[in-house]
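Asks: This is the content of entry.txt (compact mmCIF, C-alpha atoms):
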```txt
# COMPACT_ATOMS: atom_id res chain seq x y z
CA MET A 1 9.18 24.11 12.49
CA SER A 2 7.97 20.83 13.94
CA SER A 3 8.03 17.81 11.65
CA GLY A 4 6.24 15.47 14.05
CA PRO A 5 2.89 13.92 13.11
CA GLU A 6 -0.06 16.29 12.93
CA PHE A 7 -3.72 15.27 12.96
CA TRP A 8 -7.10 16.42 11.70
CA ILE A 9 -10.41 14.81 12.74
CA ASN A 10 -13.38 15.47 10.47
CA GLY A 11 -11.46 18.38 8.99
CA GLN A 12 -10.50 20.05 12.29
CA ALA A 13 -6.99 20.05 13.77
CA GLY A 14 -6.79 17.85 16.85
CA SER A 15 -5.63 14.49 18.14
CA ALA A 16 -8.30 13.53 20.70
CA LEU A 17 -10.60 10.87 19.28
CA SER A 18 -14.06 10.86 20.81
CA LEU A 19 -15.71 7.52 21.45
CA PRO A 20 -17.44 5.39 20.36
CA ASP A 21 -15.48 4.81 17.17
CA ARG A 22 -16.08 1.70 15.07
CA GLY A 23 -12.68 1.92 13.43
CA HIS A 24 -10.96 1.82 16.81
CA GLU A 25 -13.28 -0.78 18.34
CA ILE A 26 -13.75 -3.32 15.55
CA GLY A 27 -11.65 -2.15 12.58
CA ASP A 28 -14.72 -1.04 10.64
CA GLY A 29 -13.15 1.26 8.11
CA LEU A 30 -10.64 1.99 5.38
CA PHE A 31 -7.39 3.87 4.96
CA GLU A 32 -5.14 5.30 2.27
CA THR A 33 -1.50 6.39 2.53
CA LEU A 34 -0.62 9.14 0.06
CA LEU A 35 2.73 10.58 -0.89
CA LEU A 36 2.63 14.38 -0.97
CA ILE A 37 5.28 16.49 -2.72
CA GLY A 38 5.12 20.15 -1.79
CA GLY A 39 1.58 19.52 -0.57
CA VAL A 40 0.47 17.90 -3.83
CA PRO A 41 -1.02 14.37 -3.55
CA GLN A 42 0.57 11.94 -5.99
CA PHE A 43 -1.70 9.82 -8.22
CA PRO A 44 -4.87 10.72 -6.28
CA GLY A 45 -7.18 9.11 -8.82
CA TYR A 46 -5.79 5.66 -8.03
CA HIS A 47 -6.21 6.21 -4.30
CA GLU A 48 -9.75 7.48 -4.75
CA ARG A 49 -10.69 4.51 -6.94
CA ARG A 50 -9.56 2.05 -4.25
CA LEU A 51 -11.19 4.08 -1.47
CA HIS A 52 -14.52 4.08 -3.29
CA LEU A 53 -14.22 0.34 -3.97
CA GLY A 54 -13.70 -0.23 -0.26
CA PHE A 55 -16.63 2.06 0.56
CA GLU A 56 -18.80 -0.13 -1.65
CA ARG A 57 -17.41 -3.45 -0.41
CA LEU A 58 -17.90 -2.55 3.25
CA ARG A 59 -21.40 -1.28 2.41
CA PHE A 60 -21.03 2.13 3.95
CA SER A 61 -24.30 4.08 3.80
CA GLY A 62 -24.60 7.11 1.57
CA ALA A 63 -22.36 8.30 -1.24
CA ALA A 64 -18.59 7.83 -1.12
CA PRO A 65 -16.84 11.11 -0.25
CA ALA A 66 -14.42 12.74 -2.67
CA LEU A 67 -10.80 12.12 -1.79
CA SER A 68 -9.92 15.75 -2.55
CA THR A 69 -12.41 16.93 0.09
CA LEU A 70 -11.15 14.48 2.71
CA VAL A 71 -7.45 15.38 2.37
CA ALA A 72 -7.86 19.13 1.83
CA PRO A 73 -7.48 20.18 5.51
CA ALA A 74 -3.86 18.93 5.60
CA LEU A 75 -2.58 20.25 2.28
CA ASP A 76 -1.58 23.78 3.30
CA ARG A 77 0.51 22.41 6.16
CA ALA A 78 1.93 19.68 3.91
CA ALA A 79 3.09 22.33 1.43
CA GLU A 80 5.66 23.47 4.00
CA PHE A 81 7.57 20.20 3.59
CA PRO A 82 9.40 18.93 0.49
CA SER A 83 7.63 15.58 0.91
CA ALA A 84 5.26 14.03 3.41
CA ALA A 85 3.15 10.95 4.06
CA LEU A 86 -0.56 11.54 4.59
CA ARG A 87 -2.63 8.74 6.06
CA LEU A 88 -6.38 9.05 5.66
CA THR A 89 -8.50 6.83 7.89
CA LEU A 90 -12.22 6.59 7.21
CA SER A 91 -14.38 4.80 9.79
CA ARG A 92 -18.09 4.08 9.72
CA ALA A 93 -20.40 6.24 11.81
CA ALA A 94 -20.84 4.88 15.32
CA GLY A 95 -24.16 3.19 15.99
CA ALA A 96 -25.55 0.87 18.60
CA ARG A 97 -23.18 -1.46 20.42
CA GLY A 98 -22.29 -4.59 18.45
CA TYR A 99 -21.35 -5.50 14.91
CA GLU A 100 -24.47 -4.35 13.07
CA PRO A 101 -23.48 -1.24 11.09
CA GLY A 102 -26.82 0.58 11.09
CA ASN A 103 -27.94 3.04 8.42
CA ASP A 104 -26.27 6.30 9.46
CA PRO A 105 -24.70 7.76 6.28
CA GLY A 106 -22.06 9.61 8.29
CA HIS A 107 -18.44 8.64 8.77
CA ARG A 108 -15.37 9.88 10.62
CA SER A 109 -12.20 10.90 8.82
CA VAL A 110 -8.80 11.16 10.48
CA LEU A 111 -5.73 12.60 8.76
CA ARG A 112 -2.19 11.99 9.97
CA LEU A 113 0.53 14.06 8.30
CA THR A 114 4.18 13.08 8.74
CA ALA A 115 7.06 14.90 7.09
CA LEU A 116 9.45 12.58 5.25
CA HIS A 117 13.18 13.00 5.74
CA THR A 118 14.15 11.03 2.65
CA ASP A 119 14.77 12.36 -0.84
CA VAL A 120 11.85 11.14 -2.95
CA SER A 121 13.94 11.69 -6.07
CA ALA A 122 16.52 9.16 -4.85
CA ARG A 123 16.13 5.58 -6.03
CA ALA A 124 15.36 3.02 -3.33
CA THR A 125 18.36 0.82 -2.53
CA PRO A 126 18.21 -2.95 -3.21
CA ALA A 127 16.58 -4.94 -0.42
CA SER A 128 17.02 -8.32 1.23
CA LEU A 129 13.87 -10.43 1.22
CA GLY A 130 12.74 -13.24 3.52
CA VAL A 131 9.58 -15.36 3.80
CA SER A 132 7.02 -14.84 6.55
CA SER A 133 5.36 -17.77 8.29
CA ILE A 134 2.14 -15.71 8.48
CA ALA A 135 -0.32 -17.02 5.88
CA LEU A 136 -2.89 -14.49 4.66
CA ALA A 137 -6.49 -15.50 5.28
CA SER A 138 -8.70 -16.07 2.25
CA GLN A 139 -11.62 -13.62 2.11
CA PRO A 140 -12.64 -12.50 -1.40
CA ALA A 141 -15.04 -9.89 0.00
CA LEU A 142 -12.08 -8.00 1.49
CA ALA A 143 -9.39 -8.81 -1.08
CA GLY A 144 -7.86 -5.80 -2.77
CA ILE A 145 -9.24 -3.07 -0.50
CA LYS A 146 -7.27 -1.33 2.25
CA HIS A 147 -9.43 -2.08 5.28
CA LEU A 148 -8.31 -1.37 8.84
CA ASN A 149 -7.70 -4.99 9.88
CA ARG A 150 -3.93 -5.28 9.31
CA LEU A 151 -2.83 -7.68 12.05
CA GLU A 152 -1.40 -10.11 9.48
CA GLN A 153 0.93 -7.39 8.27
CA VAL A 154 1.83 -6.44 11.86
CA LEU A 155 2.87 -10.02 12.60
CA ALA A 156 4.77 -10.31 9.32
CA ALA A 157 6.60 -7.03 10.02
CA ALA A 158 7.55 -8.33 13.48
CA GLU A 159 9.03 -11.42 11.82
CA ARG A 160 10.93 -9.21 9.41
CA GLN A 161 12.53 -7.43 12.36
CA ARG A 162 13.54 -10.73 13.97
CA MET A 163 14.97 -12.04 10.69
CA GLY A 164 17.01 -8.90 10.09
CA VAL A 165 15.84 -8.52 6.48
CA ASP A 166 14.36 -5.50 4.71
CA GLU A 167 11.06 -7.16 3.75
CA VAL A 168 9.23 -10.47 3.86
CA VAL A 169 7.03 -12.30 1.36
CA THR A 170 3.54 -13.13 2.61
CA CYS A 171 1.80 -16.19 1.12
CA ASP A 172 -1.80 -17.37 0.91
CA GLN A 173 -3.18 -20.45 2.64
CA SER A 174 -1.81 -22.65 -0.15
CA GLY A 175 1.71 -21.30 0.19
CA HIS A 176 1.65 -19.15 -2.96
CA PRO A 177 3.28 -15.71 -2.68
CA VAL A 178 0.81 -12.82 -2.59
CA ALA A 179 2.75 -9.70 -1.62
CA VAL A 180 5.31 -8.35 0.82
CA ALA A 181 4.33 -7.09 4.26
CA SER A 182 4.13 -3.46 3.16
CA GLY A 183 3.68 -3.58 -0.58
CA ASN A 184 3.08 -5.52 -3.76
CA LEU A 185 5.41 -8.06 -5.30
CA PHE A 186 6.65 -8.48 -8.89
CA ILE A 187 9.08 -10.78 -10.64
CA ARG A 188 10.67 -10.44 -14.07
CA VAL A 189 11.23 -13.37 -16.41
CA GLY A 190 12.77 -12.12 -19.64
CA ASP A 191 10.74 -9.13 -20.79
CA ARG A 192 7.63 -10.03 -18.81
CA LEU A 193 6.69 -8.73 -15.36
CA MET A 194 4.37 -10.85 -13.23
CA THR A 195 2.53 -10.08 -10.00
CA PRO A 196 0.27 -12.44 -8.03
CA PRO A 197 -3.51 -12.09 -8.52
CA LEU A 198 -5.42 -10.75 -5.52
CA HIS A 199 -8.74 -12.57 -5.78
CA ASP A 200 -8.70 -14.03 -2.25
CA CYS A 201 -6.39 -11.79 -0.20
CA GLY A 202 -3.88 -8.97 -0.38
CA ILE A 203 -4.07 -5.24 -1.10
CA ALA A 204 -4.33 -3.89 -4.64
CA GLY A 205 -1.68 -1.19 -4.37
CA THR A 206 -1.78 2.05 -6.32
CA ARG A 207 1.77 1.59 -7.67
CA ARG A 208 0.94 -2.00 -8.60
CA ALA A 209 -2.00 -0.67 -10.63
CA LEU A 210 0.17 1.98 -12.27
CA ILE A 211 2.77 -0.61 -13.27
CA LEU A 212 0.11 -2.85 -14.77
CA ASP A 213 -1.77 0.00 -16.45
CA ARG A 214 1.05 2.19 -17.78
CA TRP A 215 4.50 2.06 -16.32
CA ALA A 216 5.55 -1.42 -17.47
CA GLY A 217 4.78 -0.54 -21.09
CA GLN A 218 6.59 2.78 -20.79
CA ALA A 219 9.63 0.93 -19.43
CA GLY A 220 9.56 -1.60 -22.28
CA PHE A 221 8.07 -4.61 -20.53
CA ASP A 222 4.88 -6.66 -20.69
CA ALA A 223 3.06 -7.07 -17.39
CA GLY A 224 0.24 -9.18 -16.01
CA GLU A 225 -1.04 -11.26 -13.14
CA GLN A 226 0.09 -14.84 -12.61
CA ARG A 227 0.01 -17.24 -9.70
CA LEU A 228 3.56 -17.75 -8.47
CA SER A 229 5.50 -20.14 -6.24
CA LEU A 230 8.45 -19.48 -3.97
CA ASP A 231 10.55 -21.40 -6.51
CA ASP A 232 9.40 -18.94 -9.18
CA LEU A 233 10.69 -16.10 -7.05
CA GLU A 234 14.05 -17.74 -6.42
CA SER A 235 14.57 -18.56 -10.10
CA ALA A 236 13.32 -15.20 -11.45
CA ASP A 237 15.57 -12.90 -13.43
CA GLU A 238 14.60 -10.13 -11.03
CA ILE A 239 12.33 -9.40 -8.04
CA PHE A 240 11.06 -6.04 -6.89
CA PHE A 241 8.27 -4.64 -4.75
CA CYS A 242 6.40 -1.36 -4.61
CA ASN A 243 4.23 0.88 -2.47
CA SER A 244 3.07 4.48 -2.39
CA LEU A 245 5.96 5.85 -0.33
CA ILE A 246 9.02 3.97 -1.61
CA GLY A 247 7.89 3.69 -5.23
CA VAL A 248 9.77 0.69 -6.67
CA ARG A 249 12.48 -1.17 -4.74
CA PRO A 250 14.64 -3.94 -6.26
CA VAL A 251 15.53 -7.11 -4.35
CA LYS A 252 19.19 -8.11 -4.07
CA ALA A 253 18.80 -11.32 -2.02
CA PHE A 254 16.07 -13.94 -1.57
CA LEU A 255 16.75 -17.31 0.08
CA LYS A 256 19.89 -18.64 -1.66
CA ARG A 257 19.62 -16.36 -4.69
CA ARG A 258 21.50 -13.09 -5.23
CA TRP A 259 21.06 -10.43 -7.92
CA LEU A 260 23.50 -7.73 -8.99
CA GLU A 261 21.49 -6.07 -11.78
CA TYR A 262 17.93 -4.73 -11.72
CA PRO A 263 16.96 -3.59 -15.23
CA ALA A 264 13.18 -3.62 -14.74
CA ALA A 265 13.24 -2.01 -11.30
CA SER A 266 15.69 0.65 -12.50
CA ALA A 267 13.57 1.44 -15.55
CA LEU A 268 10.39 1.61 -13.46
CA GLN A 269 12.08 3.82 -10.88
CA GLN A 270 12.88 6.26 -13.67
CA VAL A 271 9.32 6.17 -15.02
CA HIS A 272 8.01 6.71 -11.49
CA LEU A 273 10.26 9.71 -10.86
CA GLU A 274 9.24 11.30 -14.15
CA ALA A 275 5.56 10.82 -13.28
CA LEU A 276 5.73 12.59 -9.90
CA ALA A 277 3.81 15.85 -9.84
CA PRO A 278 5.82 18.87 -8.60
```
Can the structure from this file be put into structure tokens for me?

Replies:
Amino acid sequence: MSSGPEFWINGQAGSALSLPDRGHEIGDGLFETLLLIGGVPQFPGYHERRLHLGFERLRFSGAAPALSTLVAPALDRAAEFPSAALRLTLSRAAGARGYEPGNDPGHRSVLRLTALHTDVSARATPASLGVSSIALASQPALAGIKHLNRLEQVLAAAERQRMGVDEVVTCDQSGHPVAVASGNLFIRVGDRLMTPPLHDCGIAGTRRALILDRWAGQAGFDAGEQRLSLDDLESADEIFFCNSLIGVRPVKAFLKRRWLEYPAASALQQVHLEALAP
């Protein structure tokens, strides 16, 4: 049984994208990356909430589609794998040439299903963390949503490769940490967890939202947003980051600082594992 990527376009199996396509041409669209276990999407309500926010922010015409309808074509195939990553890309209906979006209420959906060869019940190993030189642009209209323009993250990920670290911190134009290249960032000081606010840039991750809404309290910690500095990260009692596929990953090294214990990350990893739907 092949475990290579498989694709569906507007609900039909296939990998040939007809043109024009505004997502391909000018990045006019949104995406979500869902973890599936036995074909079951994990925490779909959080993904749908962000998708609908992006639909509104980008001023797509018509009503936002239901996430369950969009991902349904891939679920039977996904059920054949213990775990899989499903990327949903939603691009605006093609109109006349140029930037003007037009009023067509249609859209194009593309699903990419990739079997995962990692044990989702295993805890992510501690990571080394560097600092990217790529400063995230300030644009409140796009902050928080998962739009298709991800060149900042591409450049940051390329730096990560050159540095030989597991992840890199990305900062805003003022030099304040915002996130990591492929996830959201938290520090722990005592019993309080803090994550940077995302008013001007950055992606509001689903696991970030779950930590703020529920998981921190279940793990015995307070949590909230706070503007941070690189010095705050280096002096923190603990650093970790999160995304939809890795869950929560502790940081073992950042600049000159090293950590040997990860009480918050370990507790959140346990809460995350217990919350996964079979």

Asks: Neighbours of stretch 232-238 of chain A within 9 Å (all atoms listed in the file; same-chain residues fewer than 4 positions away dropped), as JSON, numbers by chain?

Replies: {"A": [177, 186, 187, 188, 189, 190, 228, 250, 251, 252, 254, 255, 256, 257, 258, 259, 261, 262, 263, 264, 265]}

Asks: Determine, counting all atoms listed in the file, every residue of protein, DNA or RNA that lies within 12 Å of (-8.2, -1.8, -6.4) in the file coordinates, then give the result as a ChimeraX atom specification.

Replies: /A:32,45-57,142-147,197-199,201-210,212

Asks: Could you work out how far atom CA of A:Arg77 lies from atom CA of A:Val40, giving the answer in Å with one decimal?

Replies: 11.0 Å

Asks: List the spatial neighbours of A:Pro278 as a list in words - criterion: any atom at most 10 Å away, only C-alpha atoms, same-chain residues fewer than 6 positions off excluded.

Replies: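 My list of contacting residues is Leu36, Ile37, Gly38, Gly39, Val40, Pro41, Gln42 and Pro82 of chain A.
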
Asks: Quick one: residues within 8 Å of stretch 121-128 of chain A, all atoms listed in the file, excluding same-chain residues fewer than 3 positions away - as a ChimeraX atom specification?

Replies: /A:165-167,246-254,269,273

Asks: How many Å lie between atom CA of A:Gly175 and atom CA of A:Ser138, rounded to one decimal?

Replies: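 Going from atom CA of A:Gly175 over to atom CA of A:Ser138, I get 11.8 Å.
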
Asks: Given the choices A:Ala93, A:Met163, A:Pro196, A:Pro105, which gets closest to A:Leu19 if the distance is worked out from all atoms listed in the file?

Replies: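 Smallest distance to A:Leu19 is found for A:Ala93.
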
Asks: For the atom pair atom CA of A:Gln173 and atom CA of A:Ile134, what is the interatomic distance in Å to one decimal place?

Replies: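 Spanning atom CA of A:Gln173 to atom CA of A:Ile134 is a straight-line distance of 9.2 Å.
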
Asks: Quick one: residues within 12 Å of (-4.9, 21.3, 3.8) (file frame), counting only C-alpha atoms, please, as a list of chain:residue names.

Replies: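 So the residues meeting the distance criterion are A:Glu6, A:Phe7, A:Trp8, A:Gly11, A:Gln12, A:Ala13, A:Leu36, A:Gly38, A:Gly39, A:Val40, A:Pro41, A:Ser68, A:Thr69, A:Leu70, A:Val71, A:Ala72, A:Pro73, A:Ala74, A:Leu75, A:Asp76, A:Arg77, A:Ala78, A:Ala79, A:Glu80, A:Leu86, A:Leu111, A:Arg112, A:Leu113.
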
Asks: With all atoms listed in the file as the basis for distance, which of A:Arg150, A:His24, A:Arg160, A:Arg214 is at the shortest distance from A:Val110?

Replies: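 Closest residue, counting all atoms listed in the file: A:His24.
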
Asks: Which residue, A:Arg97, A:Gly164, A:Thr33, A:Ala141, has the smallest gap to A:Ser182 when you use all atoms listed in the file?

Replies: A:Thr33
